[in-house]
Amino acid sequence: MSYFYPEGGLPPQTQLLTDRAIVKEAYTVIPKGVLRDIVTSNLPGWENTRSWILARPIAGFATTFSQLIVEVGPGGGSKKPEPEAGVEGVVFLTKGKLTLTLDGETHHLEEGGYAYLAAGADWSLANESDAIASFQWIRKAYERLEGYEAKSFVTSDKEVAPTPMPNVNGVWSTTRFVDPGDLAHDMHVNIVTFEPGGTIPFAETHVMEHGLFVLEGKAVYRLNDDWVEVEAGDFMWLRAFCPQACYAGGPGRFRYLLYKDVNRQIRLT
């Protein structure tokens with residue numbers, strides 16, 4: 001498996017300012033070239049750590065979630081990463097190794113490691129190696145449903161077999177870490193994979209909003225009424241009902257980490 005992670009740095013003074021960053025009402029594209037040292041944020045309660053905040057709830061942008069890239073240096077980490085008791089999270093490791101302590105049990109995460117951290121879980125992260133670790137961290141306020149309660153778990157990209165979409169000859173598949181029929185979960189964070197030539201063959205238009213981080217490869221993505229080239233390291237936010245489609249032209253496969261809010265009735269009061 002191969003996963004993009006940013007290394008920061010600063011472009012030379014000779015670099016052109018023209019880039020692929022786009023902010024529109026229906027979607028946003030944050031290209032990998034934006035992920036530089038000067039736009040990182042420190043996180044309270046973390047040691048030897050910096051982050052790139054890709055999405056947060058603000059007017060005209062994400063409404064249900066936040067998404068961060070977190071880089072933890074050797075000896076770094078946090079004994080209490082989540083400051084809000086009602087917030088659930090997903091950690092997906094893209095570089096290095098981390099030790100996760102979750103409700104008293106120790107888990108050693110390697111690249112591709114995935115942890116769902118239920119709201120109220122007792123967890124911590126530590127980098128006990130001599131190299132940096134980098135991970136995606138997606139957070140959402142958990143919306144409880146009577147009779148259901150999401151439980152924490154740890155797995156990895158390698159342990160979960162992708163599910164092919166019907167009638168596509170295997171060129172489009174989704175690695176689902178949670179059973180879509182499990183109403184305990186109000187968000188899904190999956191990995192979508194396209195082999196070269198694979199497409200989303202219609203303009204999806206639906207109630208879920210999306211955060212998409214490209215882990216590998218490149219493609220042309222339909223965002224509202226635009227076709228936009230994206231590659232490993234790019235982040236896309238799609239507003240609810242934003243039309244979306246994809247064509248993965250190759251030469252390698254195209255993979256992205258996908259957030260969406262699911263399984264809840266629309267609140268009107």
# chains A, B, ... in the order shown; residues from 1 in each chain; ligands from 1

$ closest_atom_pairs --of "segment 25-45 of chain A" --to "segment 237-257 of chain A" --cutoff "10 Å" --atoms "only C-alpha atoms" --output "CSV"
residue,atom,partner,partner_atom,distance
A:Glu25,CA,A:Arg239,CA,7.9
A:Ala26,CA,A:Arg239,CA,5.2
A:Tyr27,CA,A:Leu238,CA,4.6
A:Thr28,CA,A:Trp237,CA,5.1
A:Val29,CA,A:Trp237,CA,6.6
A:Ile30,CA,A:Trp237,CA,8.5

$ closest_atom_pairs --of "segment 59-113 of chain A" --to "segment 131-144 of chain A" --cutoff "7 Å" --atoms "only C-alpha atoms" --output "CSV"
residue,atom,partner,partner_atom,distance
A:Thr64,CA,A:Lys140,CA,6.3
A:Phe65,CA,A:Lys140,CA,4.7
A:Ser66,CA,A:Arg139,CA,5.3
A:Gln67,CA,A:Ile138,CA,4.5
A:Leu68,CA,A:Trp137,CA,5.1
A:Ile69,CA,A:Gln136,CA,4.7
A:Val70,CA,A:Phe135,CA,5.4
A:Glu71,CA,A:Ser134,CA,4.4
A:Val72,CA,A:Ala133,CA,5.2
A:Gly73,CA,A:Ile132,CA,4.5
A:Pro74,CA,A:Ala131,CA,5.6
A:Gly86,CA,A:Ala141,CA,5.8
A:Val87,CA,A:Ala141,CA,4.3
A:Glu88,CA,A:Lys140,CA,5.5
A:Gly89,CA,A:Arg139,CA,4.4
A:Val90,CA,A:Ile138,CA,5.2
A:Val91,CA,A:Trp137,CA,4.8
A:Phe92,CA,A:Gln136,CA,5.1
A:Leu93,CA,A:Phe135,CA,4.2
A:Thr94,CA,A:Phe135,CA,5.2
A:Lys95,CA,A:Ser134,CA,4.9
A:Gly96,CA,A:Ala133,CA,4.3
A:Lys97,CA,A:Ala133,CA,5.8
A:Leu98,CA,A:Ala133,CA,6.8

$ write_last_selection --atoms "N, CA, C and O atoms" --output "CSV table (one decimal), in the first residue's frame"
chain,number,residue,atom,x,y,z
A,64,THR,N,-20.5,19.2,9.2
A,64,THR,CA,-20.6,18.1,10.1
A,64,THR,C,-19.3,17.6,10.7
A,64,THR,O,-19.4,16.8,11.6
A,65,PHE,N,-18.2,18.0,10.2
A,65,PHE,CA,-16.9,17.3,10.6
A,65,PHE,C,-15.7,18.3,10.5
A,65,PHE,O,-15.8,19.4,9.9
A,66,SER,N,-14.6,17.8,11.1
A,66,SER,CA,-13.3,18.4,10.9
A,66,SER,C,-12.4,17.3,10.4
A,66,SER,O,-12.6,16.1,10.7
A,67,GLN,N,-11.4,17.7,9.6
A,67,GLN,CA,-10.4,16.8,9.2
A,67,GLN,C,-9.0,17.4,9.2
A,67,GLN,O,-8.8,18.5,8.8
A,68,LEU,N,-8.1,16.7,9.8
A,68,LEU,CA,-6.7,17.1,10.0
A,68,LEU,C,-5.7,16.1,9.5
A,68,LEU,O,-6.0,14.9,9.5
A,69,ILE,N,-4.6,16.6,9.1
A,69,ILE,CA,-3.4,15.8,8.9
A,69,ILE,C,-2.5,16.1,10.1
A,69,ILE,O,-2.2,17.3,10.4
A,70,VAL,N,-2.1,15.1,10.9
A,70,VAL,CA,-1.3,15.3,12.1
A,70,VAL,C,0.0,14.6,11.9
A,70,VAL,O,0.1,13.4,11.5
A,71,GLU,N,1.1,15.4,12.1
A,71,GLU,CA,2.5,14.8,12.1
A,71,GLU,C,3.0,14.8,13.5
A,71,GLU,O,3.1,15.8,14.1
A,72,VAL,N,3.5,13.6,13.9
A,72,VAL,CA,4.0,13.4,15.2
A,72,VAL,C,5.5,13.0,15.1
A,72,VAL,O,5.8,12.0,14.5
A,73,GLY,N,6.3,13.8,15.7
A,73,GLY,CA,7.7,13.5,15.7
A,73,GLY,C,8.1,12.4,16.8
A,73,GLY,O,7.3,12.1,17.6
A,74,PRO,N,9.3,11.9,16.7
A,74,PRO,CA,9.8,10.9,17.7
A,74,PRO,C,9.6,11.4,19.1
A,74,PRO,O,9.9,12.5,19.5
A,86,GLY,N,-18.3,14.3,23.6
A,86,GLY,CA,-19.3,13.9,22.7
A,86,GLY,C,-18.9,13.7,21.2
A,86,GLY,O,-19.7,13.6,20.3
A,87,VAL,N,-17.6,13.7,21.0
A,87,VAL,CA,-17.0,13.7,19.7
A,87,VAL,C,-16.4,12.3,19.4
A,87,VAL,O,-15.6,11.8,20.2
A,88,GLU,N,-16.7,11.7,18.3
A,88,GLU,CA,-16.1,10.5,17.8
A,88,GLU,C,-15.0,10.8,16.8
A,88,GLU,O,-14.9,12.0,16.3
A,89,GLY,N,-14.2,9.8,16.4
A,89,GLY,CA,-13.1,10.1,15.5
A,89,GLY,C,-12.7,8.9,14.8
A,89,GLY,O,-12.9,7.7,15.2
A,90,VAL,N,-11.9,9.1,13.7
A,90,VAL,CA,-11.2,8.1,13.0
A,90,VAL,C,-9.8,8.5,12.8
A,90,VAL,O,-9.5,9.7,12.4
A,91,VAL,N,-8.9,7.6,13.1
A,91,VAL,CA,-7.4,7.9,12.8
A,91,VAL,C,-7.0,6.9,11.7
A,91,VAL,O,-7.3,5.7,11.8
A,92,PHE,N,-6.4,7.4,10.7
A,92,PHE,CA,-5.8,6.5,9.6
A,92,PHE,C,-4.4,6.9,9.4
A,92,PHE,O,-4.1,8.0,9.0
A,93,LEU,N,-3.5,5.9,9.6
A,93,LEU,CA,-2.1,6.2,9.6
A,93,LEU,C,-1.5,6.1,8.2
A,93,LEU,O,-1.7,5.0,7.5
A,94,THR,N,-0.9,7.1,7.7
A,94,THR,CA,-0.3,7.2,6.4
A,94,THR,C,1.2,7.1,6.3
A,94,THR,O,1.8,6.8,5.3
A,95,LYS,N,1.9,7.3,7.5
A,95,LYS,CA,3.3,7.2,7.5
A,95,LYS,C,3.8,6.8,8.9
A,95,LYS,O,3.3,7.3,9.9
A,96,GLY,N,4.7,5.9,9.0
A,96,GLY,CA,5.4,5.6,10.2
A,96,GLY,C,4.6,4.6,11.1
A,96,GLY,O,3.8,3.8,10.6
A,97,LYS,N,4.8,4.7,12.4
A,97,LYS,CA,4.2,3.9,13.4
A,97,LYS,C,3.8,4.7,14.6
A,97,LYS,O,4.4,5.6,15.0
A,98,LEU,N,2.6,4.3,15.2
A,98,LEU,CA,2.1,4.9,16.4
A,98,LEU,C,1.6,3.8,17.3
A,98,LEU,O,1.1,2.8,16.9

$ residues_around --residues "Met1 of chain A" --least-positions-apart "4" --cutoff "10 Å" --atoms "only C-alpha atoms" --output "list of chain:residue names"
A:Thr94, A:Glu111, A:Gly112, A:Asp157, A:Lys158, A:Leu215, A:Glu216

$ residues_around --residues "Pro81 of chain A" --least-positions-apart "2" --cutoff "8 Å" --atoms "only C-alpha atoms" --output "PyMOL selection string"
chain A and resi 45-46+78-79+83+123-125

$ write_last_selection --atoms "all heavy atoms" --output "mmCIF file, in the first residue's frame"
data_model
loop_
_atom_site.group_PDB
_atom_site.id
_atom_site.type_symbol
_atom_site.label_atom_id
_atom_site.label_comp_id
_atom_site.auth_asym_id
_atom_site.auth_seq_id
_atom_site.Cartn_x
_atom_site.Cartn_y
_atom_site.Cartn_z
ATOM 1 N N GLY A 45 -2.246 20.042 24.131
ATOM 2 C CA GLY A 45 -2.158 18.710 24.708
ATOM 3 C C GLY A 45 -1.302 17.736 23.930
ATOM 4 O O GLY A 45 -1.188 16.572 24.317
ATOM 5 N N TRP A 46 -0.682 18.194 22.831
ATOM 6 C CA TRP A 46 0.178 17.333 22.027
ATOM 7 C C TRP A 46 1.630 17.786 22.158
ATOM 8 O O TRP A 46 1.912 18.978 22.217
ATOM 9 C CB TRP A 46 -0.223 17.376 20.552
ATOM 10 C CG TRP A 46 -1.519 16.705 20.249
ATOM 11 C CD1 TRP A 46 -2.774 17.177 20.489
ATOM 12 C CD2 TRP A 46 -1.685 15.430 19.626
ATOM 13 N NE1 TRP A 46 -3.714 16.282 20.061
ATOM 14 C CE2 TRP A 46 -3.081 15.198 19.523
ATOM 15 C CE3 TRP A 46 -0.802 14.467 19.137
ATOM 16 C CZ2 TRP A 46 -3.601 14.033 18.956
ATOM 17 C CZ3 TRP A 46 -1.321 13.312 18.573
ATOM 18 C CH2 TRP A 46 -2.704 13.096 18.491
ATOM 19 N N SER A 78 0.019 12.443 22.422
ATOM 20 C CA SER A 78 -0.901 13.077 23.362
ATOM 21 C C SER A 78 -1.511 12.024 24.267
ATOM 22 O O SER A 78 -1.917 10.952 23.812
ATOM 23 C CB SER A 78 -2.015 13.816 22.617
ATOM 24 O OG SER A 78 -2.958 14.354 23.524
ATOM 25 N N LYS A 79 -1.613 12.360 25.556
ATOM 26 C CA LYS A 79 -2.265 11.477 26.507
ATOM 27 C C LYS A 79 -3.775 11.642 26.497
ATOM 28 O O LYS A 79 -4.501 10.754 26.954
ATOM 29 C CB LYS A 79 -1.712 11.730 27.906
ATOM 30 C CG LYS A 79 -0.242 11.366 28.053
ATOM 31 C CD LYS A 79 0.261 11.624 29.465
ATOM 32 C CE LYS A 79 1.732 11.256 29.590
ATOM 33 N NZ LYS A 79 2.244 11.534 30.961
ATOM 34 N N PRO A 83 -10.554 16.504 23.130
ATOM 35 C CA PRO A 83 -10.969 17.342 24.252
ATOM 36 C C PRO A 83 -12.477 17.379 24.491
ATOM 37 O O PRO A 83 -12.913 17.912 25.513
ATOM 38 C CB PRO A 83 -10.461 18.731 23.840
ATOM 39 C CG PRO A 83 -10.509 18.709 22.343
ATOM 40 C CD PRO A 83 -10.181 17.299 21.947
ATOM 41 N N TRP A 123 -8.550 7.288 25.126
ATOM 42 C CA TRP A 123 -7.492 6.886 24.201
ATOM 43 C C TRP A 123 -6.341 7.884 24.205
ATOM 44 O O TRP A 123 -6.487 9.043 24.595
ATOM 45 C CB TRP A 123 -8.023 6.687 22.791
ATOM 46 C CG TRP A 123 -8.612 7.895 22.100
ATOM 47 C CD1 TRP A 123 -9.843 8.445 22.300
ATOM 48 C CD2 TRP A 123 -7.990 8.684 21.080
ATOM 49 N NE1 TRP A 123 -10.033 9.530 21.470
ATOM 50 C CE2 TRP A 123 -8.911 9.695 20.702
ATOM 51 C CE3 TRP A 123 -6.755 8.632 20.428
ATOM 52 C CZ2 TRP A 123 -8.641 10.644 19.721
ATOM 53 C CZ3 TRP A 123 -6.472 9.575 19.446
ATOM 54 C CH2 TRP A 123 -7.409 10.562 19.098
ATOM 55 N N SER A 124 -5.177 7.398 23.784
ATOM 56 C CA SER A 124 -3.989 8.222 23.659
ATOM 57 C C SER A 124 -3.151 7.699 22.504
ATOM 58 O O SER A 124 -3.305 6.551 22.077
ATOM 59 C CB SER A 124 -3.172 8.210 24.957
ATOM 60 O OG SER A 124 -2.685 6.910 25.226
ATOM 61 N N LEU A 125 -2.254 8.559 21.993
ATOM 62 C CA LEU A 125 -1.367 8.191 20.899
ATOM 63 C C LEU A 125 0.057 8.583 21.251
ATOM 64 O O LEU A 125 0.289 9.665 21.814
ATOM 65 C CB LEU A 125 -1.765 8.893 19.601
ATOM 66 C CG LEU A 125 -2.873 8.281 18.751
ATOM 67 C CD1 LEU A 125 -3.184 9.191 17.571
ATOM 68 C CD2 LEU A 125 -2.499 6.894 18.257
#

$ closest_residue --among "A:Trp52, A:Tyr5, A:Phe61, A:Tyr114" --to "Met236 of chain A" --atoms "only C-alpha atoms"
A:Phe61

$ residues_around --residues "Asp179 of chain A" --least-positions-apart "2" --cutoff "12 Å" --atoms "only C-alpha atoms" --output "list in words"
Ala150, Val160, Thr163, Thr174, Thr175, Arg176, Phe177, Gly181, Asp182, Leu183, Ala184, His185, Asp186, Met187, His188, Val189, Asn190, Val262 and Asn263 of chain A

$ atom_distance --atom1 "atom CA of Phe194 of chain A" --atom2 "atom CA of Asn224 of chain A"
20.3 Å

$ select_by_dssp --residues "segment 49-240 of chain A" --states "strand (DSSP E)" --output "NGL selection string"
:A and (49-55 or 66-78 or 87-95 or 98-102 or 105-109 or 113-117 or 123-126 or 133-141 or 153-156 or 163-164 or 172-175 or 187-194 or 199-204 or 210-216 or 218-223 or 226-231 or 235-238)

$ atom_distance --atom1 "atom CA of Glu229 of chain A" --atom2 "atom CA of Val34 of chain A"
15.5 Å

$ closest_residue --among "A:Gly211, A:Gln15, A:Gly9, A:Ile53" --to "Ile38 of chain A" --atoms "only C-alpha atoms"
A:Gly9

$ atom_distance --atom1 "atom CA of Ser129 of chain A" --atom2 "atom CA of Gly113 of chain A"
15.6 Å

$ closest_residue --among "A:Gly77, A:Gly198, A:Asp103, A:Pro180" --to "Lys218 of chain A" --atoms "only C-alpha atoms"
A:Gly198
